[in-house]
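So this one's my_file.json, JSON, C-alpha atoms:
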```json
[["chain", "number", "residue", "atom", "x", "y", "z"],
["A", 1, "THR", "CA", 217.11, 31.08, 125.61],
["A", 2, "LEU", "CA", 217.34, 28.37, 128.28],
["A", 3, "ALA", "CA", 214.83, 28.43, 131.13],
["A", 4, "GLY", "CA", 214.36, 32.16, 130.64],
["A", 5, "THR", "CA", 218.10, 32.88, 130.47],
["A", 6, "ARG", "CA", 219.79, 33.99, 127.27],
["A", 7, "VAL", "CA", 223.01, 31.99, 126.88],
["A", 8, "GLY", "CA", 225.69, 32.59, 124.27],
["A", 9, "TYR", "CA", 227.84, 29.65, 123.22],
["A", 10, "GLU", "CA", 230.66, 28.65, 120.92],
["A", 11, "PHE", "CA", 229.42, 26.28, 118.20],
["A", 12, "ARG", "CA", 231.46, 23.99, 115.97],
["A", 13, "ARG", "CA", 230.70, 21.13, 113.64],
["A", 14, "GLY", "CA", 233.04, 18.24, 113.12],
["A", 15, "LYS", "CA", 233.54, 14.54, 112.64],
["A", 16, "ARG", "CA", 231.66, 13.13, 115.61],
["A", 17, "ARG", "CA", 228.58, 10.95, 116.15],
["A", 18, "THR", "CA", 226.65, 12.92, 118.78],
["A", 19, "ILE", "CA", 226.01, 16.45, 120.02],
["A", 20, "GLY", "CA", 228.37, 17.31, 122.87],
["A", 21, "PHE", "CA", 228.43, 20.03, 125.52],
["A", 22, "SER", "CA", 231.30, 21.34, 127.63],
["A", 23, "VAL", "CA", 231.22, 24.13, 130.23],
["A", 24, "GLY", "CA", 234.17, 26.06, 131.61],
["A", 25, "VAL", "CA", 234.88, 29.49, 133.06],
["A", 26, "ASP", "CA", 234.77, 30.92, 129.51],
["A", 27, "GLY", "CA", 231.23, 29.61, 129.01],
["A", 28, "LEU", "CA", 229.43, 26.95, 127.00],
["A", 29, "ALA", "CA", 230.85, 25.14, 123.97],
["A", 30, "VAL", "CA", 228.67, 22.97, 121.72],
["A", 31, "ARG", "CA", 229.98, 20.43, 119.20],
["A", 32, "ALA", "CA", 227.76, 18.66, 116.66],
["A", 33, "PRO", "CA", 228.15, 16.31, 113.68],
["A", 34, "SER", "CA", 228.11, 18.04, 110.32],
["A", 35, "TRP", "CA", 224.89, 16.25, 109.32],
["A", 36, "VAL", "CA", 222.77, 17.28, 112.34],
["A", 37, "PRO", "CA", 220.29, 20.10, 111.51],
["A", 38, "GLN", "CA", 220.27, 23.22, 113.66],
["A", 39, "HIS", "CA", 216.80, 22.57, 115.08],
["A", 40, "GLU", "CA", 218.08, 19.31, 116.61],
["A", 41, "VAL", "CA", 220.97, 21.20, 118.21],
["A", 42, "ASP", "CA", 218.47, 23.71, 119.64],
["A", 43, "ALA", "CA", 216.30, 20.89, 120.97],
["A", 44, "ALA", "CA", 219.30, 19.24, 122.63],
["A", 45, "LEU", "CA", 220.25, 22.55, 124.26],
["A", 46, "ARG", "CA", 216.74, 22.96, 125.68],
["A", 47, "GLU", "CA", 216.74, 19.38, 126.93],
["A", 48, "LYS", "CA", 220.04, 19.97, 128.74],
["A", 49, "SER", "CA", 219.18, 23.50, 129.91],
["A", 50, "ALA", "CA", 219.07, 22.73, 133.65],
["A", 51, "TRP", "CA", 222.46, 20.97, 133.51],
["A", 52, "ILE", "CA", 224.02, 23.73, 131.39],
["A", 53, "LEU", "CA", 222.86, 26.56, 133.67],
["A", 54, "ARG", "CA", 223.97, 24.68, 136.77],
["A", 55, "LYS", "CA", 227.41, 23.97, 135.31],
["A", 56, "LEU", "CA", 227.86, 27.59, 134.20],
["A", 57, "ASP", "CA", 227.13, 28.79, 137.74],
["A", 58, "GLU", "CA", 229.41, 26.15, 139.26],
["A", 59, "ALA", "CA", 232.28, 27.06, 136.92],
["A", 60, "ARG", "CA", 232.06, 30.74, 137.80],
["A", 61, "GLU", "CA", 231.76, 30.04, 141.53],
["A", 62, "ARG", "CA", 234.82, 27.79, 141.38],
["A", 63, "GLN", "CA", 236.82, 30.36, 139.43],
["A", 64, "GLY", "CA", 235.78, 33.10, 141.85],
["A", 65, "ARG", "CA", 236.97, 31.11, 144.84],
["A", 66, "LEU", "CA", 240.27, 30.35, 143.13],
["A", 67, "GLU", "CA", 240.84, 34.00, 142.22],
["A", 68, "SER", "CA", 240.09, 35.22, 145.75],
["A", 69, "ALA", "CA", 242.21, 32.55, 147.40],
["A", 70, "ARG", "CA", 245.35, 33.17, 145.38],
["A", 71, "ILE", "CA", 245.62, 36.95, 145.88],
["A", 72, "ASP", "CA", 248.52, 37.76, 148.20],
["A", 73, "TRP", "CA", 247.58, 41.18, 149.58],
["A", 74, "ARG", "CA", 250.94, 42.99, 149.72],
["A", 75, "ASP", "CA", 252.86, 45.69, 147.90],
["A", 76, "GLY", "CA", 253.43, 44.44, 144.34],
["A", 77, "ALA", "CA", 250.62, 41.87, 144.43],
["A", 78, "ALA", "CA", 248.68, 41.17, 141.24],
["A", 79, "PHE", "CA", 244.91, 40.65, 141.05],
["A", 80, "PRO", "CA", 242.38, 40.30, 138.21],
["A", 81, "TYR", "CA", 240.26, 43.32, 137.24],
["A", 82, "PHE", "CA", 237.79, 42.91, 134.35],
["A", 83, "GLY", "CA", 239.84, 39.91, 133.26],
["A", 84, "GLU", "CA", 243.16, 41.80, 133.15],
["A", 85, "SER", "CA", 245.99, 41.72, 135.66],
["A", 86, "VAL", "CA", 246.48, 44.80, 137.84],
["A", 87, "ARG", "CA", 249.47, 45.33, 140.14],
["A", 88, "LEU", "CA", 248.95, 46.81, 143.59],
["A", 89, "VAL", "CA", 251.42, 49.49, 144.69],
["A", 90, "LEU", "CA", 251.49, 51.11, 148.12],
["A", 91, "ASP", "CA", 251.95, 54.90, 147.95],
["A", 92, "PRO", "CA", 251.91, 56.47, 151.44],
["A", 93, "ARG", "CA", 252.35, 60.00, 150.03],
["A", 94, "HIS", "CA", 248.80, 60.22, 148.68],
["A", 95, "GLY", "CA", 245.25, 59.85, 149.96],
["A", 96, "PHE", "CA", 243.86, 60.01, 146.40],
["A", 97, "LYS", "CA", 241.21, 62.59, 147.28],
["A", 98, "GLY", "CA", 239.80, 60.55, 150.13],
["A", 99, "LYS", "CA", 239.09, 57.50, 147.97],
["A", 100, "GLY", "CA", 242.08, 55.55, 149.23],
["A", 101, "ALA", "CA", 243.23, 54.23, 145.85],
["A", 102, "GLN", "CA", 243.60, 55.16, 142.20],
["A", 103, "LEU", "CA", 244.09, 53.14, 139.02],
["A", 104, "VAL", "CA", 247.05, 54.32, 136.95],
["A", 105, "ASP", "CA", 248.11, 53.24, 133.47],
["A", 106, "ALA", "CA", 251.78, 52.25, 133.60],
["A", 107, "ALA", "CA", 254.34, 52.43, 130.80],
["A", 108, "PRO", "CA", 254.78, 49.28, 128.70],
["A", 109, "GLN", "CA", 257.09, 46.74, 130.28],
["A", 110, "THR", "CA", 260.20, 45.58, 128.41],
["A", 111, "GLY", "CA", 259.03, 43.07, 125.84],
["A", 112, "GLY", "CA", 255.53, 42.99, 127.28],
["A", 113, "GLU", "CA", 252.15, 44.66, 127.45],
["A", 114, "PRO", "CA", 251.35, 47.78, 129.47],
["A", 115, "VAL", "CA", 250.51, 46.95, 133.08],
["A", 116, "CYS", "CA", 247.98, 48.96, 135.11],
["A", 117, "THR", "CA", 248.68, 49.64, 138.76],
["A", 118, "LEU", "CA", 246.34, 50.31, 141.64],
["A", 119, "GLN", "CA", 248.09, 52.85, 143.83],
["A", 120, "VAL", "CA", 246.85, 52.56, 147.40],
["A", 121, "GLY", "CA", 247.39, 55.34, 149.95],
["A", 122, "LEU", "CA", 248.82, 53.17, 152.72],
["A", 123, "PRO", "CA", 252.26, 53.00, 154.39],
["A", 124, "HIS", "CA", 254.61, 50.17, 153.50],
["A", 125, "SER", "CA", 254.10, 48.87, 157.04],
["A", 126, "ALA", "CA", 250.39, 48.19, 156.35],
["A", 127, "THR", "CA", 249.16, 44.69, 157.19],
["A", 128, "PRO", "CA", 247.77, 42.33, 154.52],
["A", 129, "GLN", "CA", 244.28, 42.85, 155.98],
["A", 130, "GLN", "CA", 244.57, 46.65, 155.70],
["A", 131, "ILE", "CA", 245.78, 46.35, 152.11],
["A", 132, "ARG", "CA", 243.00, 43.88, 151.25],
["A", 133, "ASP", "CA", 240.32, 46.11, 152.81],
["A", 134, "ALA", "CA", 241.53, 49.20, 150.94],
["A", 135, "ALA", "CA", 241.79, 47.36, 147.61],
["A", 136, "GLN", "CA", 238.43, 45.64, 148.01],
["A", 137, "ALA", "CA", 236.72, 48.92, 148.94],
["A", 138, "TRP", "CA", 238.01, 50.37, 145.66],
["A", 139, "LEU", "CA", 236.95, 47.25, 143.74],
["A", 140, "MET", "CA", 233.44, 47.45, 145.22],
["A", 141, "ARG", "CA", 233.06, 51.06, 144.08],
["A", 142, "GLN", "CA", 234.10, 50.06, 140.55],
["A", 143, "ALA", "CA", 231.74, 47.08, 140.65],
["A", 144, "HIS", "CA", 228.79, 49.28, 141.67],
["A", 145, "ARG", "CA", 229.50, 51.76, 138.87],
["A", 146, "CYS", "CA", 229.89, 48.99, 136.29],
["A", 147, "PHE", "CA", 226.78, 47.06, 137.38],
["A", 148, "ILE", "CA", 224.55, 50.14, 137.15],
["A", 149, "GLU", "CA", 225.86, 50.83, 133.65],
["A", 150, "ARG", "CA", 225.17, 47.25, 132.51],
["A", 151, "LEU", "CA", 221.74, 47.11, 134.19],
["A", 152, "ASP", "CA", 220.77, 50.31, 132.38],
["A", 153, "HIS", "CA", 222.07, 48.78, 129.15],
["A", 154, "PHE", "CA", 220.19, 45.47, 129.35],
["A", 155, "ALA", "CA", 216.92, 46.41, 131.09],
["A", 156, "PRO", "CA", 215.31, 48.25, 128.14],
["A", 157, "ARG", "CA", 216.48, 45.58, 125.71],
["A", 158, "LEU", "CA", 214.83, 42.88, 127.83],
["A", 159, "CYS", "CA", 211.71, 45.03, 128.43],
["A", 160, "VAL", "CA", 212.16, 45.00, 132.21],
["A", 161, "GLN", "CA", 212.83, 47.57, 134.93],
["A", 162, "TRP", "CA", 215.12, 47.44, 137.91],
["A", 163, "LYS", "CA", 214.64, 49.58, 141.02],
["A", 164, "LYS", "CA", 217.56, 49.03, 143.39],
["A", 165, "LEU", "CA", 221.06, 47.56, 143.23],
["A", 166, "SER", "CA", 222.81, 46.01, 146.24],
["A", 167, "LEU", "CA", 226.28, 44.48, 146.32],
["A", 168, "SER", "CA", 226.57, 40.94, 147.63],
["A", 169, "ASN", "CA", 229.50, 39.29, 149.37],
["A", 170, "ALA", "CA", 228.10, 35.76, 149.06],
["A", 171, "ASN", "CA", 230.44, 32.80, 148.74],
["A", 172, "THR", "CA", 228.23, 30.65, 146.50],
["A", 173, "ARG", "CA", 225.91, 32.97, 144.60],
["A", 174, "TRP", "CA", 226.69, 35.54, 141.92],
["A", 175, "GLY", "CA", 223.34, 37.31, 141.84],
["A", 176, "SER", "CA", 219.66, 37.34, 142.69],
["A", 177, "ALA", "CA", 216.56, 39.33, 141.76],
["A", 178, "SER", "CA", 213.31, 40.12, 143.60],
["A", 179, "VAL", "CA", 209.86, 40.75, 142.17],
["A", 180, "ASP", "CA", 210.02, 44.35, 143.46],
["A", 181, "GLY", "CA", 212.88, 45.10, 141.04],
["A", 182, "SER", "CA", 215.71, 44.78, 143.57],
["A", 183, "ILE", "CA", 218.92, 43.28, 142.18],
["A", 184, "ARG", "CA", 221.80, 41.83, 144.19],
["A", 185, "LEU", "CA", 225.12, 41.20, 142.43],
["A", 186, "ASN", "CA", 228.32, 39.80, 143.87],
["A", 187, "TRP", "CA", 230.98, 42.51, 143.78],
["A", 188, "ARG", "CA", 233.65, 39.88, 143.00],
["A", 189, "LEU", "CA", 232.28, 39.70, 139.45],
["A", 190, "VAL", "CA", 234.53, 42.72, 138.86],
["A", 191, "HIS", "CA", 237.45, 40.24, 138.67],
["A", 192, "PHE", "CA", 235.99, 38.71, 135.48],
["A", 193, "ARG", "CA", 235.81, 39.70, 131.84],
["A", 194, "MET", "CA", 232.87, 41.91, 130.85],
["A", 195, "ALA", "CA", 231.25, 39.02, 128.97],
["A", 196, "VAL", "CA", 230.93, 37.11, 132.25],
["A", 197, "ILE", "CA", 229.53, 40.16, 134.07],
["A", 198, "ASP", "CA", 227.01, 40.70, 131.27],
["A", 199, "TYR", "CA", 225.89, 37.07, 131.51],
["A", 200, "VAL", "CA", 225.04, 37.43, 135.21],
["A", 201, "VAL", "CA", 223.50, 40.90, 134.88],
["A", 202, "ALA", "CA", 221.26, 39.81, 131.98],
["A", 203, "HIS", "CA", 220.31, 36.63, 133.85],
["A", 204, "GLU", "CA", 219.06, 38.59, 136.86]]
```

Would it be possible to restate this file's structure as structure tokens?
Amino acid sequence: TLAGTRVGYEFRRGKRRTIGFSVGVDGLAVRAPSWVPQHEVDAALREKSAWILRKLDEARERQGRLESARIDWRDGAAFPYFGESVRLVLDPRHGFKGKGAQLVDAAPQTGGEPVCTLQVGLPHSATPQQIRDAAQAWLMRQAHRCFIERLDHFAPRLCVQWKKLSLSNANTRWGSASVDGSIRLNWRLVHFRMAVIDYVVAHE
């Protein structure tokens, strides 16, 4: 637990002289000499807690900006969804019961893994902005559903209560919490693996 935040990390011992830390989009990695006792590793983690938490946030913000910037909103575009790639397919024949889009499991590709598709009820003449808006509206609904599920999972385990969830569209912040039990979470977290989502949800 670092500054009130529970942080999981990969830990390895090896032939080195000092304890080392590295932070990337996949989280924190800690390396230590084989002779260093665990309590010294724990002390070093606490000493570096402010740096570690800052770097974890920076890594996720940077990855989020990269993911958003590289999505080409068109028929056949690919985007990340819970850490997996989903292909967007325009299907003007369907309105998908007023929801605008529907996730469909596709057959396995030749020599590859099965690929999910997000079928969007728009004509092939739709503009990139229309496609983006429809896809992001669907993503926000999935984010809201997922966040509520994870809040309900973690709150009793952390002996806290939450009252209200709002989705954020912030460029530089993944989440925030108020003393009245209101939680704000960035909907773009839905692009990441569940482990990353859980980290932010538990933090708030």

Would you give me, as JSON lines, each residue of region 115-157 of chain A having an atom within 10 Å of an atom of region 175-197 of chain A, along with its shortest atom pair and that distance in Å to one decimal, using only C-alpha atoms and sorting by chain and residue number?
```
{"residue": "A:Gln136", "atom": "CA", "partner": "A:Arg188", "partner_atom": "CA", "distance": 9.0}
{"residue": "A:Leu139", "atom": "CA", "partner": "A:Val190", "partner_atom": "CA", "distance": 7.1}
{"residue": "A:Met140", "atom": "CA", "partner": "A:Trp187", "partner_atom": "CA", "distance": 5.7}
{"residue": "A:Arg141", "atom": "CA", "partner": "A:Trp187", "partner_atom": "CA", "distance": 8.8}
{"residue": "A:Gln142", "atom": "CA", "partner": "A:Val190", "partner_atom": "CA", "distance": 7.5}
{"residue": "A:Ala143", "atom": "CA", "partner": "A:Val190", "partner_atom": "CA", "distance": 5.5}
{"residue": "A:His144", "atom": "CA", "partner": "A:Trp187", "partner_atom": "CA", "distance": 7.4}
{"residue": "A:Cys146", "atom": "CA", "partner": "A:Val190", "partner_atom": "CA", "distance": 8.2}
{"residue": "A:Phe147", "atom": "CA", "partner": "A:Leu185", "partner_atom": "CA", "distance": 7.9}
{"residue": "A:Arg150", "atom": "CA", "partner": "A:Ile197", "partner_atom": "CA", "distance": 8.5}
{"residue": "A:Leu151", "atom": "CA", "partner": "A:Ile183", "partner_atom": "CA", "distance": 9.3}
```

Report task. Determine the nearest neighbour of His124 (chain A) from the options A:Ile148, A:Pro37, A:Ile52, A:Arg93, counting all atoms listed in the file. Result -> A:Arg93

Report task. Would you mind listing what lies within 12 Å of Ala101 (chain A) as a PyMOL selection string, with all atoms listed in the file counted and same-chain residues fewer than 2 positions away left out? Result -> chain A and resi 88-99+103-104+117-122+131-142

Report task. Please identify all polymer residues within 9 Å of Arg6 (chain A), counting all atoms listed in the file, omitting same-chain residues fewer than 4 positions from it, and present them as a PyMOL selection string. Result -> chain A and resi 1-2+199+202-203

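Across the model, the gap from CA of Ser168 (chain A) to CA of Glu61 (chain A) is 13.5 Å.
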
**Report entry** Protein and nucleic acid residues near (229.2, 18.2, 118.9) (cut-off 9 Å, only C-alpha atoms) as a VMD selection string
**Finding:** chain A and resid 11 to 21 29 to 34 41

Query raised in the report: If you measure from CA of Ser49 (chain A) to CA of Ala3 (chain A), what distance in Å do you get, rounded to one decimal?
Result: 6.7 Å

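Our summary of the geometry notes that CA of Cys116 (chain A) is positioned 16.7 Å from CA of Gly100 (chain A).
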